[in-house]
Amino acid sequence: MLGRYAELKAQLPPGTILFYQVGTFFETFEEDAKTVSRELSLRLTSREAAGEGRVPLAGVPGHALQEHVAALLRKGHSVAIAEQRQHPTKPRQFTREITQILTPGTVIEDNVLSAGRSNYLATFVVRDGRAGIAVAEASTGEFSGTVVPEAELPAELERWSPREVVVPERTAVEELPRLEARVSTAPRWTFEPSAGEQALRQHFGVASLKGYGLDGSPQLVAAAGALIRYLSTLRGGSPPEQIVSFRRYDPGQTMLLDAATRRNLGLEELISTTDRTRTPMGQRTLRRWLERPLLEASRINQRLEAVDALFPDYMLREGVREHLGSIPDIERIATRIVRLSASPGDLLALRGALEALGPLREALGPAAECSELLRRALAAMEEPPGVRELIAAAISEEEGEIIRPGYSEELDEARSFRDGAHEWLTRFEAEERLKTGLKTLKVGYRDGEGYFIEVAGKEAHRVPPHYEHRKALKHNARYVTVELKEHESRMLTAREEVERLERRILGEIRAAVKEAAPQLQRIARAVAVVDVVASFAAAAAELRYCRPEVTEERGIRIVSGRHPVVEHATETPFVPNDARIDGGARLQIITGPNMAGKSVYLRQVALIVLLAQTGSYVPADEARIGVVDRIFTRVGAEDRLASGESTFMVEMTEAAGILNGATERSLVILDEVGRGTSTYDGMSLAWAIAEYLHDDVQALTLFATHYHELTRLADSLPGCRNLKAVVEEVGGEIVFLHRIEPGAESSSYGVHVARLAGLPPRVTDRAQEILSRLEAEGVKGFAG
């Protein structure tokens, strides 16, 4: 057994956990067993192996296999399943063959995937200073890619946050971008442009790839082809049929938000606060839109017009959202239909979704008259003919029944025979009890034993001689007769016939519905767009947002802006603030004590810009947003101990990325720079960075600092302005007003904040003495 296990294990990509069926259990051995035991908290045992001593062993029962496989996939492991099969030439022996290979980036099962998150698989190929990147979402059929300069590869991959990245075998770790993804390998030859072209032409059934925008892009052809081959390999050579098209995207059409910016701005919290979607497709699309804001004012305003169409009319908007709420995940159901793995429940859910399309289209009609985006979505929601009717006629909604009675005459006859066989058993039991006079006689059935006649032990002496003894129990005995055995054979045959016919008919229905899969994918995308637009409108009405004016002109003006997350996270009323950043005030130095609202102000400006460029209303009374090409943030810092980088190194690395990547159309958010080194070093660096952003980059910059000396930049830089977080001193204590106003703050009130934090009075009193002496001696910039 271990020999066959080793053979199968050798066929798998490195690191793949192999579950090996042994009877009703699925076992893992050696290192796999240790991994499974650790990750799933299962007991690690061992067994004696000839010549190898005791081998580690961990297994799960067959009925719990999927649950445990799902847990491993969620933890980033790849899993293969070897099922037990009858040996083709030795009837009394079994063999094992790999029937499934599941990886984190290719799984399509709902019990593994998050309904509201996409699950991307990615590949990349670098040649001649250019990188081709291909990404696929196996559960929805999404397949796209692009080409970027080699230096931009890590950031572009980060945009997709893939769960799994496929690279050529023997790729060195130092050649890989730093990503939180499983790294899988594939044969190196599959990443060649010629192999990629062959794979793509074969998959799409075309003679030329020109229609997919792949001409003259060997890096992208190689990456996309390698991805298709990898997906096919995991299915034993079967093509990933849910992928019906390829879309080449332009990275310049959407804003790149790196991981630090998403984290610093609290993008997850923003999504949670504003999400009012009603469908899984909409939830995934909302996340995608917020993670990739648009860079063209015309496209942004097209989305805003769609929100306008639903925002003012409560009854219209909520009517649309009510119909959306009855639509399941068409996108992922369509993939399972294409893979011919859709369950009867999936088909019934699809029927319900198609039934909801008509009322949704009708409800959306008035709004679509006012929005080009909604008109296109409405046109894409054409129901595929015959699908709903086929499912309604064929698939039963009754428990324990797959195919509806009356759909197949052949199946109805088989069922009639099967059900009649049950009635025969009832008659047989009554007749035998009457003929023998045995009052305790009854007919039963057990798996592995079949049908039997059971008689109480006290009546065993009266059993007729033609009853063949089968088994003795403590209080009963079991028998069979020739007649009962013959009937058992007919009955099992009838049951198997019913199951065979149901499987065949279900397969025929899946195949018929599969023809509509591309149209179902279009419907899913259209429903998702409507759902996100309706979500934006509902959130705007509920949260008191306004429509921003989005232009190509440079500059940001916000009246009474609010932080979309913070204003709902506290019980105290949120204090709104204005913001005006343009060429004449492109660098704004913000001073004030901790807890006074500087950081919230910085983030709320960035989030309002992000929401506006997503096509959403924004938390403000008024907003005019000139499209920015990037939002850069440098907020706080942590040691990267694993890579030996100090807080200061991390800080300077992030600052270098901003200075080298920002343009005059970028929005830069700096919240303390230079705090990771000595006061004078830090102040000098902060000063030089501010000057460079003003003079050379000319980016729109908000710079919060405790280095009050930086406020003197306003005297020498024409585009620099000072802002301060206002506080009041009342009876020796400070009160935070959370207002941002023009001007410079001369004190950081660090000792006051320390008292509020609960430091012992002896410490804060001593700190005040030291601070007073330092200030008296002329040492400025003491951080408190």
# chains A, B, ... in the order shown; residues from 1 in each chain; ligands from 1
call {"tool": "residues_around", "arguments": {"residues": "range 98-114 of chain A", "least_positions_apart": "2", "cutoff": "6 Å", "atoms": "only C-alpha atoms", "output": "mmCIF file with N, CA, C and O atoms, in the first residue's frame"}}
result
data_model
loop_
_atom_site.group_PDB
_atom_site.id
_atom_site.type_symbol
_atom_site.label_atom_id
_atom_site.label_comp_id
_atom_site.auth_asym_id
_atom_site.auth_seq_id
_atom_site.Cartn_x
_atom_site.Cartn_y
_atom_site.Cartn_z
ATOM 1 N N ALA A 70 -11.495 21.264 2.969
ATOM 2 C CA ALA A 70 -11.813 22.696 2.920
ATOM 3 C C ALA A 70 -10.964 23.477 3.914
ATOM 4 O O ALA A 70 -10.454 24.568 3.603
ATOM 5 N N LEU A 73 -7.431 23.825 2.552
ATOM 6 C CA LEU A 73 -7.376 24.795 1.453
ATOM 7 C C LEU A 73 -7.439 26.220 1.976
ATOM 8 O O LEU A 73 -6.725 27.110 1.501
ATOM 9 N N GLY A 76 -4.216 27.478 2.989
ATOM 10 C CA GLY A 76 -3.218 27.671 1.943
ATOM 11 C C GLY A 76 -2.537 26.423 1.438
ATOM 12 O O GLY A 76 -1.567 26.504 0.681
ATOM 13 N N SER A 78 -2.336 22.752 -0.717
ATOM 14 C CA SER A 78 -2.905 22.039 -1.866
ATOM 15 C C SER A 78 -3.161 20.592 -1.458
ATOM 16 O O SER A 78 -2.403 20.020 -0.670
ATOM 17 N N VAL A 79 -4.226 20.009 -2.008
ATOM 18 C CA VAL A 79 -4.660 18.675 -1.583
ATOM 19 C C VAL A 79 -4.990 17.828 -2.810
ATOM 20 O O VAL A 79 -5.616 18.321 -3.760
ATOM 21 N N ALA A 80 -4.576 16.555 -2.776
ATOM 22 C CA ALA A 80 -4.974 15.586 -3.806
ATOM 23 C C ALA A 80 -5.713 14.441 -3.122
ATOM 24 O O ALA A 80 -5.427 14.109 -1.967
ATOM 25 N N ILE A 81 -6.661 13.847 -3.838
ATOM 26 C CA ILE A 81 -7.453 12.733 -3.296
ATOM 27 C C ILE A 81 -7.285 11.524 -4.211
ATOM 28 O O ILE A 81 -7.531 11.611 -5.421
ATOM 29 N N ALA A 82 -6.832 10.410 -3.623
ATOM 30 C CA ALA A 82 -6.704 9.144 -4.354
ATOM 31 C C ALA A 82 -7.817 8.214 -3.887
ATOM 32 O O ALA A 82 -7.838 7.791 -2.730
ATOM 33 N N GLY A 116 -18.133 36.790 -0.639
ATOM 34 C CA GLY A 116 -17.903 38.191 -0.989
ATOM 35 C C GLY A 116 -16.505 38.503 -1.472
ATOM 36 O O GLY A 116 -16.173 39.676 -1.687
ATOM 37 N N ARG A 117 -15.649 37.496 -1.647
ATOM 38 C CA ARG A 117 -14.272 37.736 -2.065
ATOM 39 C C ARG A 117 -13.935 36.913 -3.307
ATOM 40 O O ARG A 117 -14.295 35.751 -3.388
ATOM 41 N N TYR A 120 -8.182 34.606 -6.586
ATOM 42 C CA TYR A 120 -7.396 34.688 -7.814
ATOM 43 C C TYR A 120 -6.188 33.757 -7.821
ATOM 44 O O TYR A 120 -5.509 33.544 -6.816
ATOM 45 N N LEU A 121 -5.924 33.230 -9.021
ATOM 46 C CA LEU A 121 -4.726 32.472 -9.345
ATOM 47 C C LEU A 121 -3.933 33.324 -10.327
ATOM 48 O O LEU A 121 -4.518 33.917 -11.239
ATOM 49 N N ALA A 138 -11.076 30.881 -10.897
ATOM 50 C CA ALA A 138 -11.621 29.601 -11.352
ATOM 51 C C ALA A 138 -13.096 29.452 -11.043
ATOM 52 O O ALA A 138 -13.824 28.765 -11.764
ATOM 53 N N SER A 139 -13.581 30.082 -9.973
ATOM 54 C CA SER A 139 -14.974 29.893 -9.580
ATOM 55 C C SER A 139 -15.943 30.753 -10.381
ATOM 56 O O SER A 139 -17.149 30.533 -10.331
ATOM 57 N N ARG A 163 -4.413 34.266 -4.279
ATOM 58 C CA ARG A 163 -4.277 33.226 -3.259
ATOM 59 C C ARG A 163 -3.177 32.242 -3.635
ATOM 60 O O ARG A 163 -2.636 31.560 -2.789
ATOM 61 N N GLU A 164 -2.877 32.171 -4.934
ATOM 62 C CA GLU A 164 -1.877 31.210 -5.408
ATOM 63 C C GLU A 164 -1.165 31.809 -6.611
ATOM 64 O O GLU A 164 -1.796 32.435 -7.469
ATOM 65 N N LEU A 234 -4.532 20.153 -13.526
ATOM 66 C CA LEU A 234 -5.201 19.789 -12.278
ATOM 67 C C LEU A 234 -6.478 18.991 -12.536
ATOM 68 O O LEU A 234 -6.988 18.332 -11.629
#
call {"tool": "residues_around", "arguments": {"residues": "range 149-153 of chain A", "least_positions_apart": "6", "cutoff": "12 Å", "atoms": "only C-alpha atoms", "output": "VMD selection string"}}
result
chain A and resid 122 to 134 159 to 160 175 to 179 219 251 256 258 657 661
call {"tool": "closest_atom_pairs", "arguments": {"of": "range 269-385 of chain A", "to": "range 535-542 of chain A", "cutoff": "9 Å", "atoms": "only C-alpha atoms", "output": "tab-separated table"}}
result
residue	atom	partner	partner_atom	distance
A:Thr273	CA	A:Ala539	CA	8.8
A:Thr274	CA	A:Ala539	CA	5.9
A:Asp275	CA	A:Ser535	CA	6.5
A:Arg276	CA	A:Ser535	CA	4.5
A:Thr277	CA	A:Ser535	CA	5.0
A:Arg278	CA	A:Ser535	CA	8.0
A:Gly282	CA	A:Ser535	CA	8.7
A:Leu286	CA	A:Ser535	CA	8.6
A:Ala306	CA	A:Ala537	CA	8.9
A:Val307	CA	A:Ala537	CA	5.3
A:Asp308	CA	A:Ala537	CA	7.4
A:Ala309	CA	A:Ala537	CA	8.7
A:Leu310	CA	A:Ala537	CA	6.1
A:Phe311	CA	A:Ala537	CA	4.7
A:Pro312	CA	A:Ala541	CA	8.1
A:Tyr314	CA	A:Ala538	CA	8.6
A:Arg317	CA	A:Ala538	CA	7.5
A:Glu318	CA	A:Ala538	CA	8.1
A:Arg321	CA	A:Ser535	CA	8.2
call {"tool": "atom_distance", "arguments": {"atom1": "CA of Thr185 in chain A", "atom2": "CA of Arg336 in chain A"}}
result
25.5 Å
call {"tool": "residues_around", "arguments": {"residues": "Ala516 in chain A", "least_positions_apart": "2", "cutoff": "12 Å", "atoms": "only C-alpha atoms", "output": "ChimeraX atom specification"}}
result
/A:242,244,330,333-335,337-338,350,382-388,509-514,518-523
call {"tool": "residues_around", "arguments": {"residues": "Arg248 in chain A", "least_positions_apart": "5", "cutoff": "6 Å", "atoms": "only C-alpha atoms", "output": "mmCIF file with N, CA and C atoms, in the first residue's frame"}}
result
data_model
loop_
_atom_site.group_PDB
_atom_site.id
_atom_site.type_symbol
_atom_site.label_atom_id
_atom_site.label_comp_id
_atom_site.auth_asym_id
_atom_site.auth_seq_id
_atom_site.Cartn_x
_atom_site.Cartn_y
_atom_site.Cartn_z
ATOM 1 N N SER A 144 -7.926 37.449 -17.156
ATOM 2 C CA SER A 144 -7.425 38.705 -17.705
ATOM 3 C C SER A 144 -5.935 38.822 -17.463
ATOM 4 N N GLY A 145 -5.322 39.855 -18.051
ATOM 5 C CA GLY A 145 -3.887 40.035 -17.883
ATOM 6 C C GLY A 145 -3.415 41.328 -18.492
ATOM 7 N N THR A 146 -2.131 41.613 -18.292
ATOM 8 C CA THR A 146 -1.552 42.845 -18.811
ATOM 9 C C THR A 146 -0.046 42.693 -18.892
#
call {"tool": "select_by_dssp", "arguments": {"residues": "range 245-476 of chain A", "states": "helix (DSSP H, G or I)", "output": "MDAnalysis selection string"}}
result
chainID A and resid 251:253 259:265 267:274 280:291 297:310 314:324 330:338 344:368 372:380 387:394 409:436 457:462
call {"tool": "write_last_selection", "arguments": {"atoms": "C-alpha atoms", "output": "tab-separated table (two decimals), in the first residue's frame"}}
result
chain	number	residue	atom	x	y	z
A	251	PRO	CA	-3.31	49.22	-15.65
A	252	GLY	CA	-3.59	52.93	-16.35
A	253	GLN	CA	-7.39	52.84	-16.20
A	259	ALA	CA	-1.00	46.90	0.55
A	260	ALA	CA	0.36	49.63	2.85
A	261	THR	CA	-2.17	52.17	1.55
A	262	ARG	CA	-5.07	49.72	1.85
A	263	ARG	CA	-4.00	48.95	5.41
A	264	ASN	CA	-3.28	52.57	6.42
A	265	LEU	CA	-6.60	53.84	5.07
A	267	LEU	CA	-10.04	49.75	3.39
A	268	GLU	CA	-11.56	46.66	5.01
A	269	GLU	CA	-13.38	48.83	7.54
A	270	LEU	CA	-14.55	51.14	4.73
A	271	ILE	CA	-15.99	48.18	2.81
A	272	SER	CA	-17.73	46.90	5.93
A	273	THR	CA	-19.22	50.35	6.69
A	274	THR	CA	-20.51	51.16	3.21
A	280	PRO	CA	-22.53	37.62	-3.63
A	281	MET	CA	-21.60	38.89	-7.12
A	282	GLY	CA	-22.32	42.45	-6.03
A	283	GLN	CA	-20.28	42.04	-2.86
A	284	ARG	CA	-17.24	40.89	-4.84
A	285	THR	CA	-17.67	43.68	-7.39
A	286	LEU	CA	-18.02	46.34	-4.68
A	287	ARG	CA	-14.72	45.19	-3.19
A	288	ARG	CA	-13.08	45.22	-6.64
A	289	TRP	CA	-14.31	48.76	-7.37
A	290	LEU	CA	-13.11	50.11	-4.03
A	291	GLU	CA	-9.73	48.42	-4.40
A	297	ALA	CA	-13.54	61.45	-14.94
A	298	SER	CA	-15.95	60.41	-17.71
A	299	ARG	CA	-16.19	56.81	-16.45
A	300	ILE	CA	-16.48	57.97	-12.84
A	301	ASN	CA	-19.32	60.32	-13.72
A	302	GLN	CA	-21.06	57.53	-15.61
A	303	ARG	CA	-21.17	55.53	-12.36
A	304	LEU	CA	-22.27	58.60	-10.40
A	305	GLU	CA	-25.13	59.15	-12.88
A	306	ALA	CA	-26.25	55.57	-12.23
A	307	VAL	CA	-26.25	56.24	-8.47
A	308	ASP	CA	-28.19	59.47	-9.15
A	309	ALA	CA	-30.87	57.45	-10.93
A	310	LEU	CA	-31.59	55.42	-7.78
A	314	TYR	CA	-36.71	55.40	-2.04
A	315	MET	CA	-39.46	53.15	-3.41
A	316	LEU	CA	-37.66	52.60	-6.73
A	317	ARG	CA	-34.32	51.93	-5.04
A	318	GLU	CA	-35.65	49.54	-2.41
A	319	GLY	CA	-37.80	47.74	-4.98
A	320	VAL	CA	-34.68	47.03	-7.04
A	321	ARG	CA	-32.76	45.92	-3.94
A	322	GLU	CA	-35.60	43.62	-2.84
A	323	HIS	CA	-35.48	41.77	-6.17
A	324	LEU	CA	-31.68	41.60	-6.01
A	330	ILE	CA	-25.23	32.95	-10.60
A	331	GLU	CA	-21.55	33.46	-11.44
A	332	ARG	CA	-20.28	30.51	-9.40
A	333	ILE	CA	-23.29	28.34	-10.21
A	334	ALA	CA	-22.51	28.88	-13.92
A	335	THR	CA	-18.97	27.61	-13.33
A	336	ARG	CA	-20.21	24.44	-11.65
A	337	ILE	CA	-22.65	23.95	-14.55
A	338	VAL	CA	-19.79	24.26	-17.04
A	344	PRO	CA	-29.83	19.69	-8.26
A	345	GLY	CA	-29.87	22.44	-5.61
A	346	ASP	CA	-27.66	24.61	-7.86
A	347	LEU	CA	-30.06	24.13	-10.76
A	348	LEU	CA	-33.07	25.00	-8.62
A	349	ALA	CA	-31.24	28.10	-7.35
A	350	LEU	CA	-30.52	29.09	-10.95
A	351	ARG	CA	-34.20	28.66	-11.82
A	352	GLY	CA	-35.10	30.99	-8.94
A	353	ALA	CA	-32.56	33.54	-10.13
A	354	LEU	CA	-33.95	33.52	-13.67
A	355	GLU	CA	-37.48	33.90	-12.30
A	356	ALA	CA	-36.33	37.01	-10.41
A	357	LEU	CA	-34.81	38.62	-13.52
A	358	GLY	CA	-38.13	39.70	-15.00
A	359	PRO	CA	-39.34	41.62	-11.91
A	360	LEU	CA	-35.84	43.10	-11.45
A	361	ARG	CA	-35.74	44.36	-15.04
A	362	GLU	CA	-39.20	45.84	-14.66
A	363	ALA	CA	-38.29	47.59	-11.40
A	364	LEU	CA	-35.03	48.92	-12.87
A	365	GLY	CA	-36.64	50.25	-16.06
A	366	PRO	CA	-37.38	53.84	-14.90
A	367	ALA	CA	-33.86	54.28	-13.50
A	368	ALA	CA	-32.24	52.88	-16.65
A	372	GLU	CA	-26.24	54.71	-19.73
A	373	LEU	CA	-24.55	52.27	-17.33
A	374	LEU	CA	-27.90	50.92	-16.08
A	375	ARG	CA	-29.21	50.71	-19.66
A	376	ARG	CA	-26.28	48.48	-20.62
A	377	ALA	CA	-26.80	46.33	-17.54
A	378	LEU	CA	-30.49	45.99	-18.34
A	379	ALA	CA	-29.71	44.90	-21.90
A	380	ALA	CA	-27.28	42.25	-20.63
A	387	VAL	CA	-33.30	27.10	-19.37
A	388	ARG	CA	-35.80	28.00	-16.68
A	389	GLU	CA	-38.50	25.88	-18.33
A	390	LEU	CA	-36.17	22.86	-18.59
A	391	ILE	CA	-35.18	23.02	-14.91
A	392	ALA	CA	-38.79	23.50	-13.83
A	393	ALA	CA	-39.90	20.46	-15.83
A	394	ALA	CA	-37.02	18.20	-14.87
A	409	GLU	CA	-41.31	7.69	-18.81
A	410	GLU	CA	-38.38	5.25	-18.49
A	411	LEU	CA	-37.48	6.60	-15.03
A	412	ASP	CA	-41.12	6.55	-13.90
A	413	GLU	CA	-41.38	2.85	-14.84
A	414	ALA	CA	-38.19	2.02	-12.95
A	415	ARG	CA	-39.47	3.88	-9.90
A	416	SER	CA	-42.79	2.08	-10.10
A	417	PHE	CA	-41.01	-1.28	-10.06
A	418	ARG	CA	-38.78	-0.18	-7.17
A	419	ASP	CA	-41.69	1.12	-5.13
A	420	GLY	CA	-43.75	-1.98	-5.95
A	421	ALA	CA	-40.91	-4.08	-4.58
A	422	HIS	CA	-41.32	-2.35	-1.22
A	423	GLU	CA	-45.02	-3.13	-1.24
A	424	TRP	CA	-44.13	-6.79	-2.00
A	425	LEU	CA	-42.02	-6.90	1.18
A	426	THR	CA	-44.94	-5.69	3.26
A	427	ARG	CA	-47.20	-8.38	1.76
A	428	PHE	CA	-44.51	-11.04	2.13
A	429	GLU	CA	-44.07	-10.30	5.85
A	430	ALA	CA	-47.84	-10.49	6.51
A	431	GLU	CA	-48.22	-13.72	4.52
A	432	GLU	CA	-45.27	-15.42	6.24
A	433	ARG	CA	-46.54	-14.46	9.67
A	434	LEU	CA	-49.96	-15.93	8.79
A	435	LYS	CA	-48.53	-19.16	7.24
A	436	THR	CA	-46.07	-19.91	10.05
A	457	GLY	CA	-35.53	-16.68	20.09
A	458	LYS	CA	-38.51	-18.02	22.06
A	459	GLU	CA	-40.19	-18.98	18.74
A	460	ALA	CA	-37.08	-20.34	17.00
A	461	HIS	CA	-38.17	-23.97	17.49
A	462	ARG	CA	-41.25	-23.31	15.32
call {"tool": "closest_residue", "arguments": {"among": "A:Glu399, A:Asp621, A:Glu651, A:Glu488", "to": "Tyr445 in chain A", "atoms": "only C-alpha atoms"}}
result
A:Glu488
call {"tool": "residues_around", "arguments": {"residues": "Val668 in chain A", "least_positions_apart": "3", "cutoff": "9 Å", "atoms": "only C-alpha atoms", "output": "list in words"}}
result
Ala606, Arg630, Ile631, Phe632, Thr633, Arg634, Ile658, Ala662, Leu693, Ala699, Leu700, Thr701, Leu702 and Phe703 of chain A
call {"tool": "write_last_selection", "arguments": {"atoms": "all heavy atoms", "output": "compact mmCIF listing (two decimals), in the first residue's frame"}}
result
# COMPACT_ATOMS: atom_id res chain seq x y z
N ALA A 606 -8.30 61.34 2.14
CA ALA A 606 -7.93 60.28 1.20
C ALA A 606 -9.12 59.37 0.89
O ALA A 606 -9.33 58.98 -0.27
CB ALA A 606 -6.77 59.46 1.77
N ARG A 630 -2.67 58.45 -8.00
CA ARG A 630 -2.32 57.51 -6.94
C ARG A 630 -2.61 58.16 -5.59
O ARG A 630 -2.57 59.38 -5.45
CB ARG A 630 -0.82 57.13 -6.98
CG ARG A 630 -0.39 56.17 -8.04
CD ARG A 630 -0.77 54.73 -7.75
NE ARG A 630 -0.14 54.18 -6.56
CZ ARG A 630 1.04 53.57 -6.54
NH1 ARG A 630 1.75 53.45 -7.65
NH2 ARG A 630 1.52 53.06 -5.41
N ILE A 631 -2.87 57.33 -4.60
CA ILE A 631 -2.91 57.77 -3.21
C ILE A 631 -1.77 57.06 -2.51
O ILE A 631 -1.73 55.82 -2.44
CB ILE A 631 -4.25 57.43 -2.53
CG1 ILE A 631 -5.40 58.15 -3.22
CG2 ILE A 631 -4.21 57.81 -1.05
CD1 ILE A 631 -6.78 57.77 -2.68
N PHE A 632 -0.80 57.85 -2.02
CA PHE A 632 0.33 57.29 -1.28
C PHE A 632 0.16 57.60 0.19
O PHE A 632 -0.25 58.71 0.56
CB PHE A 632 1.65 57.91 -1.76
CG PHE A 632 2.05 57.50 -3.15
CD1 PHE A 632 1.71 58.29 -4.24
CD2 PHE A 632 2.78 56.34 -3.37
CE1 PHE A 632 2.09 57.92 -5.53
CE2 PHE A 632 3.16 55.97 -4.65
CZ PHE A 632 2.82 56.76 -5.73
N THR A 633 0.46 56.65 1.05
CA THR A 633 0.38 56.88 2.49
C THR A 633 1.65 56.39 3.17
O THR A 633 2.22 55.38 2.78
CB THR A 633 -0.81 56.13 3.12
OG1 THR A 633 -0.61 54.72 2.98
CG2 THR A 633 -2.12 56.52 2.46
N ARG A 634 2.10 57.17 4.15
CA ARG A 634 3.17 56.72 5.03
C ARG A 634 2.72 57.04 6.45
O ARG A 634 2.75 58.16 6.91
CB ARG A 634 4.49 57.44 4.72
CG ARG A 634 5.65 56.49 4.78
CD ARG A 634 6.70 56.79 5.84
NE ARG A 634 6.23 57.09 7.16
CZ ARG A 634 6.08 56.19 8.12
NH1 ARG A 634 6.28 54.91 7.89
NH2 ARG A 634 5.69 56.56 9.31
N ILE A 658 7.42 56.62 -2.23
CA ILE A 658 6.53 57.75 -2.53
C ILE A 658 7.25 58.78 -3.38
O ILE A 658 6.73 59.24 -4.41
CB ILE A 658 6.02 58.38 -1.22
CG1 ILE A 658 5.13 57.39 -0.46
CG2 ILE A 658 5.26 59.68 -1.50
CD1 ILE A 658 4.72 57.85 0.93
N ALA A 662 5.42 59.17 -6.95
CA ALA A 662 4.36 60.17 -6.98
C ALA A 662 4.55 61.15 -8.14
O ALA A 662 5.68 61.37 -8.61
CB ALA A 662 4.31 60.93 -5.66
N LEU A 693 8.84 67.16 -2.18
CA LEU A 693 7.45 66.98 -2.63
C LEU A 693 6.88 68.28 -3.18
O LEU A 693 6.11 68.28 -4.14
CB LEU A 693 6.59 66.45 -1.47
CG LEU A 693 6.78 64.98 -1.11
CD1 LEU A 693 6.12 64.66 0.22
CD2 LEU A 693 6.21 64.08 -2.20
N ALA A 699 3.35 67.07 -5.77
CA ALA A 699 2.15 66.30 -5.44
C ALA A 699 1.29 67.06 -4.43
O ALA A 699 1.78 67.92 -3.69
CB ALA A 699 2.55 64.94 -4.86
N LEU A 700 0.01 66.72 -4.41
CA LEU A 700 -0.90 67.27 -3.40
C LEU A 700 -0.64 66.52 -2.09
O LEU A 700 -0.89 65.32 -2.01
CB LEU A 700 -2.36 67.09 -3.84
CG LEU A 700 -2.71 67.68 -5.22
CD1 LEU A 700 -4.16 67.37 -5.56
CD2 LEU A 700 -2.44 69.17 -5.28
N THR A 701 -0.10 67.22 -1.09
CA THR A 701 0.45 66.55 0.09
C THR A 701 -0.13 67.09 1.38
O THR A 701 -0.17 68.31 1.59
CB THR A 701 1.99 66.71 0.13
OG1 THR A 701 2.55 66.22 -1.10
CG2 THR A 701 2.58 65.94 1.30
N LEU A 702 -0.56 66.18 2.25
CA LEU A 702 -0.93 66.50 3.63
C LEU A 702 0.12 65.86 4.52
O LEU A 702 0.30 64.63 4.49
CB LEU A 702 -2.32 65.95 3.96
CG LEU A 702 -3.50 66.56 3.19
CD1 LEU A 702 -4.80 65.83 3.55
CD2 LEU A 702 -3.64 68.04 3.49
N PHE A 703 0.80 66.67 5.33
CA PHE A 703 1.95 66.21 6.11
C PHE A 703 1.69 66.55 7.58
O PHE A 703 1.83 67.70 8.00
CB PHE A 703 3.21 66.92 5.60
CG PHE A 703 4.51 66.33 6.06
CD1 PHE A 703 5.64 66.44 5.26
CD2 PHE A 703 4.64 65.69 7.28
CE1 PHE A 703 6.86 65.91 5.66
CE2 PHE A 703 5.85 65.16 7.70
CZ PHE A 703 6.96 65.27 6.88
call {"tool": "atom_distance", "arguments": {"atom1": "CA of Glu672 in chain A", "atom2": "CA of Pro548 in chain A"}}
result
29.3 Å
call {"tool": "atom_distance", "arguments": {"atom1": "CA of Leu257 in chain A", "atom2": "CA of Ala136 in chain A"}}
result
19.9 Å
call {"tool": "residues_around", "arguments": {"residues": "Phe246 in chain A", "least_positions_apart": "5", "cutoff": "10 Å", "atoms": "only C-alpha atoms", "output": "list of chain:residue names"}}
result
A:Ala134, A:Val135, A:Ala136, A:Gly141, A:Glu142, A:Phe143, A:Ser144, A:Gly145, A:Leu200, A:Phe204, A:Leu209, A:Gly211, A:Tyr212, A:Gly213, A:Leu214, A:Ala224
call {"tool": "write_last_selection", "arguments": {"atoms": "C-alpha atoms", "output": "mmCIF file, in the first residue's frame"}}
result
data_model
loop_
_atom_site.group_PDB
_atom_site.id
_atom_site.type_symbol
_atom_site.label_atom_id
_atom_site.label_comp_id
_atom_site.auth_asym_id
_atom_site.auth_seq_id
_atom_site.Cartn_x
_atom_site.Cartn_y
_atom_site.Cartn_z
ATOM 1 C CA ALA A 134 -2.183 36.664 -16.128
ATOM 2 C CA VAL A 135 -4.873 36.127 -13.469
ATOM 3 C CA ALA A 136 -7.864 33.792 -13.367
ATOM 4 C CA GLY A 141 -14.418 32.169 -15.173
ATOM 5 C CA GLU A 142 -12.778 35.614 -15.024
ATOM 6 C CA PHE A 143 -9.504 35.602 -17.030
ATOM 7 C CA SER A 144 -7.425 38.705 -17.705
ATOM 8 C CA GLY A 145 -3.887 40.035 -17.883
ATOM 9 C CA LEU A 200 -4.462 29.525 -25.805
ATOM 10 C CA PHE A 204 -10.306 29.105 -27.378
ATOM 11 C CA LEU A 209 -4.950 35.476 -30.771
ATOM 12 C CA GLY A 211 -8.919 39.242 -31.180
ATOM 13 C CA TYR A 212 -7.810 38.901 -27.559
ATOM 14 C CA GLY A 213 -5.281 41.736 -27.727
ATOM 15 C CA LEU A 214 -2.349 39.342 -27.411
ATOM 16 C CA ALA A 224 -1.757 33.297 -19.933
#
call {"tool": "select_by_dssp", "arguments": {"residues": "range 107-331 of chain A", "states": "strand (DSSP E)", "output": "number ranges by chain"}}
result
A: 121-127, 130-137, 142-149, 164-168, 182-186, 247-248
call {"tool": "closest_residue", "arguments": {"among": "A:His738, A:Arg554, A:Glu39, A:Ser238", "to": "Thr663 in chain A", "atoms": "only C-alpha atoms"}}
result
A:Arg554
call {"tool": "closest_residue", "arguments": {"among": "A:Ser341, A:Pro293, A:Phe452, A:Lys9", "to": "Glu486 in chain A", "atoms": "only C-alpha atoms"}}
result
A:Phe452
call {"tool": "closest_residue", "arguments": {"among": "A:Val559, A:Ala223, A:Ile395, A:Ala477", "to": "Ser343 in chain A", "atoms": "only C-alpha atoms"}}
result
A:Ile395
